[in-house]
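Okay, so here's the structure we're looking at.
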Amino acid sequence: MEKAKFAKLEKIILFFVLLIIIIIFFPKLLVYYDDAEVFIKESGIYGPVIYMLLMISSIIFSPIPSSPLAILSGVLFGSWKGMIYTLISATIGAVIAFSISRYFLRDYLSRYFENHKLYKKIEGKNDINIAYFVFLTRLMPQVSFDIVSYIAGLTRLNVFLFVIATFFGMIPIVFALTFFGYLIEPYKNTILIILTIIFIIYIYKIIKKN
């Protein structure tokens, strides 16, 4: 009984530590995101690392759109390197979101997503079926990448299967985005602004709807 209480207290403390970190760094993150291209270029050899950290953050903090970053990676690093950096960082971000949902926010998110149509589709399913569902949603740009990661954390899905489904499911769309970024490099500023606005509106509608 005492162990259960201690474990619960430990989760609460870790949650508030995470919340404080978000409150402190989220405004700074938005500044870096707005000037991502300049900031990454000025980082020299650390540019890919900075890009990957921004991508990871955009997955964890759902309101920040990640697709414009994937396009930007094609602009800055070329289609193939951009794809590799994006696949790795987006997978890491998805695993972190998955873990936050499973170990820190399970009670809250369970109540929040209990009536969500995506959660209802996988509730009570076995690991293979849930992993297949995650894989399919990664192929669909209209389905929120971040929300699927958080919802998957509420299930009993094995984290290894989640990683495999996420990584391989992302390949087609990530390749398309990074290759697109590589092609539109001369017109990147105008197009990225338009896409960012579109994705912000899209995410806002998802949040408002739920």
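In the structure tokens, chains take the letters A, B, ... in the order shown, each chain's residues start at 1, and ligands count up from 1 in the order shown.
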Notebook entry, point to check: Can you list, as a PyMOL selection string, every protein, DNA or RNA residue that comes within 10 Å of Arg102 in chain A when you count only C-alpha atoms, leaving out same-chain residues fewer than 2 positions away?
Noted result: chain A and resi 96-100+104-107+109-110+150-156
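Coordinates place CA of Ala90 in chain A at a distance of 11.5 Å from CA of Gly169 in chain A.
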Note to self: Can you pull out the residues contacting range 140-143 of chain A? Cut-off 8 Å, using only C-alpha atoms, and skip same-chain residues under 4 positions away; I want them as JSON, numbers by chain.
What the structure shows: {"A": [136, 148, 173]}
Dump N, CA and C atoms for the selected residues as a compact mmCIF listing (two decimals), in the first residue's frame?
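Contents of selection.txt, as written:
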```
# COMPACT_ATOMS: atom_id res chain seq x y z
N LEU A 136 -1.11 2.46 -39.91
CA LEU A 136 -2.00 3.04 -40.91
C LEU A 136 -2.18 4.55 -40.71
N VAL A 148 -2.33 10.48 -31.88
CA VAL A 148 -2.21 9.02 -31.98
C VAL A 148 -1.15 8.51 -31.01
N ILE A 173 5.14 9.54 -46.18
CA ILE A 173 4.78 10.94 -46.03
C ILE A 173 6.00 11.80 -45.74
```
Check: Where in range 50-159 of chain A does DSSP assign alpha helix (DSSP H), given as an MDAnalysis selection string?
Finding: chainID A and resid 50:60 67:77 79:103 106:113 117:122 127:138 145:152 159
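Between Val134 in chain A and the residues A:Ala165, A:Leu183, A:Leu53, A:Leu118, the shortest atom-to-atom distance, using only C-alpha atoms, involves A:Ala165.
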Checklist line | Nearest candidate to Leu161 in chain A (options A:Ser144, A:Ser101, A:Asn126, A:Ser89; using only C-alpha atoms) | finding: A:Asn126
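Using only C-alpha atoms, the shortest contact distance between Gly82 in chain A and any of A:Ser149, A:Ser58, A:Thr166, A:Thr178 is found at A:Thr178.
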